[in-house]
$ cat structure-v6.csv   # CSV, C-alpha atoms
chain,number,residue,atom,x,y,z
A,5,MET,CA,56.2,-24.1,-26.9
A,6,LYS,CA,59.7,-23.9,-25.5
A,7,ASN,CA,61.9,-20.9,-26.4
A,8,ASP,CA,65.4,-22.1,-26.8
A,9,ASN,CA,67.0,-18.7,-27.4
A,10,PRO,CA,68.8,-17.7,-24.1
A,11,GLN,CA,69.2,-14.1,-25.3
A,12,GLN,CA,65.5,-13.8,-26.0
A,13,LEU,CA,64.7,-15.2,-22.5
A,14,ASP,CA,67.1,-12.8,-20.9
A,15,SER,CA,65.5,-9.8,-22.7
A,16,ASP,CA,62.0,-11.0,-21.7
A,17,GLN,CA,63.1,-11.4,-18.1
A,18,GLU,CA,64.7,-8.0,-18.1
A,19,ILE,CA,61.6,-6.3,-19.5
A,20,ALA,CA,59.4,-8.1,-17.0
A,21,ARG,CA,61.6,-7.0,-14.1
A,22,VAL,CA,61.5,-3.4,-15.2
A,23,ILE,CA,57.7,-3.5,-15.6
A,24,ASP,CA,57.4,-4.9,-12.0
A,25,GLU,CA,59.6,-2.2,-10.7
A,26,VAL,CA,57.7,0.6,-12.5
A,27,MET,CA,54.4,-0.6,-11.1
A,28,SER,CA,55.7,0.2,-7.6
A,29,SER,CA,54.1,3.4,-6.4
A,30,SER,CA,57.2,4.3,-4.3
A,31,LEU,CA,59.2,5.3,-7.4
A,32,SER,CA,60.1,8.9,-7.7
A,33,ASN,CA,59.6,10.7,-11.1
A,34,GLU,CA,63.4,10.4,-11.8
A,35,GLN,CA,63.4,6.7,-10.9
A,36,TYR,CA,60.4,6.1,-13.2
A,37,ARG,CA,62.2,7.9,-16.0
A,38,GLN,CA,65.3,5.8,-15.5
A,39,LYS,CA,63.3,2.5,-15.5
A,40,MET,CA,61.5,3.5,-18.7
A,41,GLN,CA,64.8,4.5,-20.3
A,42,ARG,CA,66.2,1.1,-19.5
A,43,ARG,CA,63.2,-0.7,-21.0
A,44,LYS,CA,63.6,1.4,-24.1
A,45,GLU,CA,67.2,0.4,-24.4
A,46,VAL,CA,66.4,-3.3,-24.1
A,47,GLN,CA,63.5,-3.0,-26.6
A,48,ASP,CA,65.6,-1.0,-29.1
A,49,LYS,CA,68.3,-3.6,-28.9
A,50,ARG,CA,65.9,-6.5,-29.6
A,51,ILE,CA,64.4,-4.6,-32.6
A,52,ALA,CA,67.9,-3.9,-34.0
A,53,GLN,CA,68.7,-7.6,-33.9
A,54,ALA,CA,65.5,-8.8,-35.3
A,55,VAL,CA,65.1,-10.4,-38.8
A,56,PRO,CA,63.6,-7.8,-41.2
A,57,GLU,CA,61.0,-10.0,-42.7
A,58,LYS,CA,59.9,-13.7,-42.7
A,59,GLY,CA,56.8,-15.4,-44.0
A,60,LEU,CA,55.0,-16.7,-40.9
A,61,ILE,CA,52.8,-19.7,-40.2
A,62,ILE,CA,50.2,-18.4,-37.8
A,63,VAL,CA,47.8,-20.6,-35.8
A,64,ASN,CA,44.7,-19.2,-34.1
A,65,THR,CA,43.1,-21.9,-31.9
A,66,GLY,CA,41.3,-22.5,-28.6
A,67,ASN,CA,37.7,-22.7,-27.5
A,68,GLY,CA,37.2,-19.0,-27.2
A,69,LYS,CA,35.6,-16.6,-29.8
A,70,GLY,CA,37.7,-14.5,-32.1
A,71,LYS,CA,40.0,-16.9,-34.0
A,72,THR,CA,38.7,-16.0,-37.5
A,73,THR,CA,38.0,-12.3,-36.5
A,74,ALA,CA,41.7,-11.9,-35.5
A,75,ALA,CA,42.8,-13.5,-38.8
A,76,LEU,CA,40.5,-11.1,-40.7
A,77,GLY,CA,42.2,-8.2,-39.0
A,78,MET,CA,45.5,-9.4,-40.6
A,79,VAL,CA,43.7,-9.7,-43.9
A,80,MET,CA,42.6,-6.1,-43.7
A,81,ARG,CA,46.1,-4.9,-42.9
A,82,SER,CA,47.5,-6.9,-45.8
A,83,LEU,CA,44.9,-5.4,-48.2
A,84,GLY,CA,45.7,-2.0,-46.8
A,85,HIS,CA,49.4,-2.5,-47.8
A,86,GLY,CA,48.3,-3.5,-51.3
A,87,TYR,CA,49.1,-7.2,-51.0
A,88,LYS,CA,47.2,-9.9,-52.7
A,89,VAL,CA,45.3,-12.2,-50.2
A,90,ALA,CA,43.4,-15.5,-50.5
A,91,ILE,CA,40.8,-16.8,-48.1
A,92,VAL,CA,39.6,-20.5,-48.2
A,93,GLN,CA,36.8,-21.4,-45.8
A,94,PHE,CA,36.8,-25.1,-44.9
A,95,ILE,CA,33.6,-25.4,-42.7
A,96,LYS,CA,31.5,-22.3,-42.8
A,97,GLY,CA,30.8,-22.4,-46.5
A,98,ALA,CA,27.0,-22.6,-46.1
A,99,TRP,CA,27.1,-19.1,-44.5
A,100,GLU,CA,27.2,-15.8,-46.5
A,101,PRO,CA,29.2,-13.8,-43.9
A,102,SER,CA,29.1,-10.0,-43.9
A,103,GLU,CA,32.9,-10.1,-44.2
A,104,LYS,CA,32.6,-11.5,-47.7
A,105,ARG,CA,30.4,-8.5,-48.7
A,106,VAL,CA,32.9,-6.0,-47.1
A,107,PHE,CA,35.9,-7.6,-48.9
A,108,SER,CA,34.1,-7.4,-52.2
A,109,ASN,CA,35.6,-3.8,-52.2
A,110,TRP,CA,39.0,-5.4,-52.8
A,111,GLN,CA,38.1,-7.7,-55.7
A,112,ASP,CA,41.4,-7.0,-57.5
A,113,GLN,CA,43.4,-8.0,-54.4
A,114,LEU,CA,41.4,-10.7,-52.7
A,115,GLU,CA,40.3,-14.2,-53.7
A,116,PHE,CA,37.6,-15.7,-51.5
A,117,HIS,CA,36.5,-19.3,-51.6
A,118,ALA,CA,33.8,-20.8,-49.3
A,119,MET,CA,34.5,-24.5,-50.0
A,120,GLY,CA,32.6,-26.2,-47.1
A,121,GLU,CA,28.9,-26.7,-46.8
A,122,GLY,CA,28.4,-25.8,-43.2
A,123,PHE,CA,29.1,-27.3,-39.8
A,124,THR,CA,29.5,-31.1,-39.6
A,125,TRP,CA,26.2,-31.5,-37.6
A,126,GLU,CA,24.4,-29.8,-40.5
A,127,THR,CA,25.8,-31.8,-43.4
A,128,GLN,CA,25.6,-35.2,-41.6
A,129,ASP,CA,27.5,-36.8,-44.5
A,130,ARG,CA,31.1,-37.7,-43.6
A,131,ASP,CA,32.2,-38.8,-47.1
A,132,ARG,CA,30.9,-35.5,-48.6
A,133,ASP,CA,32.6,-33.5,-45.8
A,134,LEU,CA,35.8,-35.3,-46.5
A,135,ASP,CA,35.6,-34.7,-50.2
A,136,LYS,CA,34.9,-31.0,-49.6
A,137,ALA,CA,37.8,-30.7,-47.2
A,138,GLN,CA,40.2,-32.3,-49.7
A,139,ALA,CA,39.0,-30.0,-52.5
A,140,ALA,CA,39.4,-27.0,-50.2
A,141,TRP,CA,43.0,-28.1,-49.4
A,142,GLU,CA,43.8,-28.5,-53.1
A,143,LYS,CA,42.5,-25.0,-53.7
A,144,SER,CA,44.6,-23.7,-50.7
A,145,LEU,CA,47.7,-25.2,-52.1
A,146,GLU,CA,47.3,-23.2,-55.3
A,147,TYR,CA,47.5,-20.0,-53.3
A,148,ILE,CA,50.1,-21.2,-50.8
A,149,ARG,CA,52.5,-21.9,-53.6
A,150,ASN,CA,51.7,-18.8,-55.6
A,151,PRO,CA,54.3,-16.1,-54.8
A,152,ASP,CA,51.8,-13.4,-55.9
A,153,PHE,CA,49.8,-13.9,-52.7
A,154,ARG,CA,51.4,-12.5,-49.6
A,155,LEU,CA,48.8,-13.8,-47.1
A,156,VAL,CA,46.6,-17.0,-47.2
A,157,LEU,CA,43.9,-17.6,-44.6
A,158,LEU,CA,42.8,-21.2,-44.2
A,159,ASP,CA,39.6,-20.6,-42.1
A,160,GLU,CA,38.5,-23.5,-39.8
A,161,ILE,CA,41.1,-25.9,-41.3
A,162,ASN,CA,41.9,-27.0,-37.8
A,163,ILE,CA,38.4,-28.4,-37.5
A,164,ALA,CA,39.0,-30.4,-40.7
A,165,LEU,CA,42.2,-31.7,-39.2
A,166,LYS,CA,40.5,-32.6,-35.9
A,167,MET,CA,37.7,-34.4,-37.7
A,168,GLY,CA,40.2,-36.4,-39.7
A,169,TYR,CA,39.1,-34.9,-43.1
A,170,LEU,CA,42.7,-33.8,-43.6
A,171,GLN,CA,45.9,-35.3,-42.2
A,172,VAL,CA,48.4,-33.1,-40.4
A,173,GLU,CA,51.2,-34.6,-42.4
A,174,GLN,CA,49.8,-33.4,-45.7
A,175,VAL,CA,49.1,-29.9,-44.3
A,176,LEU,CA,52.7,-29.6,-43.0
A,177,ALA,CA,54.1,-30.9,-46.3
A,178,GLY,CA,52.0,-28.3,-48.1
A,179,LEU,CA,53.1,-25.5,-45.8
A,180,ALA,CA,56.7,-26.4,-46.5
A,181,THR,CA,56.2,-25.5,-50.1
A,182,LYS,CA,55.2,-21.9,-49.5
A,183,PRO,CA,57.5,-19.0,-50.7
A,184,ALA,CA,59.8,-17.6,-48.0
A,185,ASP,CA,57.8,-14.3,-47.6
A,186,THR,CA,54.3,-15.7,-47.7
A,187,HIS,CA,52.2,-15.7,-44.5
A,188,VAL,CA,49.6,-18.5,-43.9
A,189,ILE,CA,47.0,-18.3,-41.1
A,190,LEU,CA,45.3,-21.5,-39.9
A,191,THR,CA,42.2,-21.0,-37.7
A,192,GLY,CA,39.9,-23.3,-35.7
A,193,ARG,CA,39.8,-25.0,-32.3
A,194,GLY,CA,41.8,-28.2,-31.7
A,195,ALA,CA,44.9,-27.4,-33.7
A,196,PRO,CA,47.1,-30.5,-33.6
A,197,PRO,CA,50.4,-30.4,-31.6
A,198,ALA,CA,52.5,-31.0,-34.7
A,199,LEU,CA,51.0,-27.9,-36.3
A,200,ILE,CA,51.5,-25.8,-33.2
A,201,GLU,CA,55.1,-27.0,-33.0
A,202,ARG,CA,55.7,-25.9,-36.6
A,203,ALA,CA,54.0,-22.5,-36.4
A,204,ASP,CA,55.8,-19.3,-35.8
A,205,LEU,CA,52.9,-17.6,-34.0
A,206,VAL,CA,50.3,-19.4,-32.0
A,207,THR,CA,47.4,-17.7,-30.2
A,208,GLU,CA,44.9,-19.7,-28.0
A,209,MET,CA,41.6,-18.0,-27.4
A,210,THR,CA,40.3,-19.0,-24.0
A,211,LEU,CA,36.6,-19.3,-23.4
A,212,VAL,CA,35.6,-17.5,-20.1
A,213,LYS,CA,31.9,-16.7,-20.8
A,214,HIS,CA,29.8,-17.1,-23.9
A,215,PRO,CA,26.3,-15.7,-24.4
A,216,PHE,CA,24.9,-18.8,-26.1
A,217,ARG,CA,26.3,-21.2,-23.6
A,218,ASP,CA,25.5,-19.1,-20.5
A,219,GLN,CA,22.4,-17.2,-21.5
A,220,GLY,CA,21.0,-19.0,-24.6
A,221,VAL,CA,21.5,-16.0,-26.9
A,222,LYS,CA,21.7,-16.9,-30.6
A,223,ALA,CA,24.4,-15.8,-32.9
A,224,GLN,CA,23.9,-12.2,-33.9
A,225,PRO,CA,24.8,-10.1,-37.0
A,226,GLY,CA,27.8,-8.0,-36.4
A,227,ILE,CA,29.1,-10.2,-33.6
A,228,GLU,CA,29.2,-13.8,-34.9
A,229,TYR,CA,28.7,-13.2,-38.6
$ encode --input "structure-v6.csv" --output "structure tokens"
Amino acid sequence: MKNDNPQQLDSDQEIARVIDEVMSSSLSNEQYRQKMQRRKEVQDKRIAQAVPEKGLIIVNTGNGKGKTTAALGMVMRSLGHGYKVAIVQFIKGAWEPSEKRVFSNWQDQLEFHAMGEGFTWETQDRDRDLDKAQAAWEKSLEYIRNPDFRLVLLDEINIALKMGYLQVEQVLAGLATKPADTHVILTGRGAPPALIERADLVTEMTLVKHPFRDQGVKAQPGIEY
């Protein structure tokens, strides 16, 4: 997504230039110190000009592993700060993931709803999958609009969008109703372009190697679930 902030681009280019120069083995210790000092000045200026807080729309997508795992890391941080968090699972509802057991230690801060019935090839019932996705979205809206919840994780909602169980327009309209300081994370491969354009933070997980695809290794506890 294009960055239209010239000042931001200039800062990024300045930092990249400094890093390239620092990687040169020909620098003396004094030259290295000066380059690091310059980088610190640029970074300090950017931090001083930054907005203190803003509720973010975060998208974790791509074919690689780690989309939900990365989101759960943010969930852990939020819980550690004492914030209330809601998780709504759109697809993996048939599972009883170990994360759910771990998060039971924060019952007073965390709401967890597994609204799906498993992967689409398991259910084999499009109408039921559609109804479940719509119900999960309605539940999600309750938390998105509730200012008591600082973070809302919509796990695998991008799959529901890709399959046509939800429309991107309704999701964008719902996100527009969130309080200003609420963060919403949307995970799953195939995030639609309109959602990516709207998001504040987008990470695409790239698949390089996978044990199931390359070696036929099944999903394992502690790694996949």
$ closest_residue --input "structure-v6.csv" --among "A:Gly68, A:Gln171, A:Gln47, A:Ala195" --to "Arg217 (chain A)" --atoms "only C-alpha atoms"
A:Gly68
$ residues_around --input "structure-v6.csv" --residues "Lys69 (chain A)" --least-positions-apart "5" --cutoff "12 Å" --atoms "all atoms listed in the file" --output "MDAnalysis selection string"
chainID A and resid 64 74:75 191:193 207:216 223 227:229
$ closest_residue --input "structure-v6.csv" --among "A:Asp133, A:Glu146, A:Lys104, A:Leu176" --to "Arg202 (chain A)" --atoms "all atoms listed in the file"
A:Leu176
$ atom_distance --input "structure-v6.csv" --atom1 "CA of Gln53 (chain A)" --atom2 "CA of Asp204 (chain A)"
17.5 Å
$ atom_distance --input "structure-v6.csv" --atom1 "CA of Gln224 (chain A)" --atom2 "CA of Trp110 (chain A)"
25.1 Å
$ closest_residue --input "structure-v6.csv" --among "A:Glu45, A:Phe94, A:Pro151, A:Phe116" --to "Lys136 (chain A)" --atoms "only C-alpha atoms"
A:Phe94
$ atom_distance --input "structure-v6.csv" --atom1 "CA of Arg37 (chain A)" --atom2 "CA of Lys49 (chain A)"
18.3 Å
$ residues_near_point --input "structure-v6.csv" --point "(49.8, -24.2, -36.0)" --cutoff "9 Å" --atoms "only C-alpha atoms" --output "ChimeraX atom specification"
/A:61-65,162,189-191,195-206
$ write_last_selection --input "structure-v6.csv" --atoms "C-alpha atoms" --output "PDB file, in the frame of the given file"
ATOM      1  CA  ILE A  61      52.800 -19.700 -40.200  1.00  0.00           C
ATOM      2  CA  ILE A  62      50.200 -18.400 -37.800  1.00  0.00           C
ATOM      3  CA  VAL A  63      47.800 -20.600 -35.800  1.00  0.00           C
ATOM      4  CA  ASN A  64      44.700 -19.200 -34.100  1.00  0.00           C
ATOM      5  CA  THR A  65      43.100 -21.900 -31.900  1.00  0.00           C
ATOM      6  CA  ASN A 162      41.900 -27.000 -37.800  1.00  0.00           C
ATOM      7  CA  ILE A 189      47.000 -18.300 -41.100  1.00  0.00           C
ATOM      8  CA  LEU A 190      45.300 -21.500 -39.900  1.00  0.00           C
ATOM      9  CA  THR A 191      42.200 -21.000 -37.700  1.00  0.00           C
ATOM     10  CA  ALA A 195      44.900 -27.400 -33.700  1.00  0.00           C
ATOM     11  CA  PRO A 196      47.100 -30.500 -33.600  1.00  0.00           C
ATOM     12  CA  PRO A 197      50.400 -30.400 -31.600  1.00  0.00           C
ATOM     13  CA  ALA A 198      52.500 -31.000 -34.700  1.00  0.00           C
ATOM     14  CA  LEU A 199      51.000 -27.900 -36.300  1.00  0.00           C
ATOM     15  CA  ILE A 200      51.500 -25.800 -33.200  1.00  0.00           C
ATOM     16  CA  GLU A 201      55.100 -27.000 -33.000  1.00  0.00           C
ATOM     17  CA  ARG A 202      55.700 -25.900 -36.600  1.00  0.00           C
ATOM     18  CA  ALA A 203      54.000 -22.500 -36.400  1.00  0.00           C
ATOM     19  CA  ASP A 204      55.800 -19.300 -35.800  1.00  0.00           C
ATOM     20  CA  LEU A 205      52.900 -17.600 -34.000  1.00  0.00           C
ATOM     21  CA  VAL A 206      50.300 -19.400 -32.000  1.00  0.00           C
TER      22      VAL A 206
END
$ closest_residue --input "structure-v6.csv" --among "A:Gly86, A:Arg105, A:Met167, A:Gly59" --to "Thr181 (chain A)" --atoms "all atoms listed in the file"
A:Gly59
$ closest_residue --input "structure-v6.csv" --among "A:Gln219, A:Gln93, A:Ser32, A:Ser102" --to "Leu158 (chain A)" --atoms "only C-alpha atoms"
A:Gln93
$ residues_around --input "structure-v6.csv" --residues "region 88-92 of chain A" --least-positions-apart "5" --cutoff "7 Å" --atoms "all atoms listed in the file" --output "list of chain:residue names"
A:Val79, A:Leu83, A:Gln113, A:Leu114, A:Glu115, A:Phe116, A:His117, A:Ala118, A:Met119, A:Ala140, A:Ser144, A:Tyr147, A:Asp152, A:Phe153, A:Arg154, A:Leu155, A:Val156, A:Leu157, A:Leu158, A:Asp159
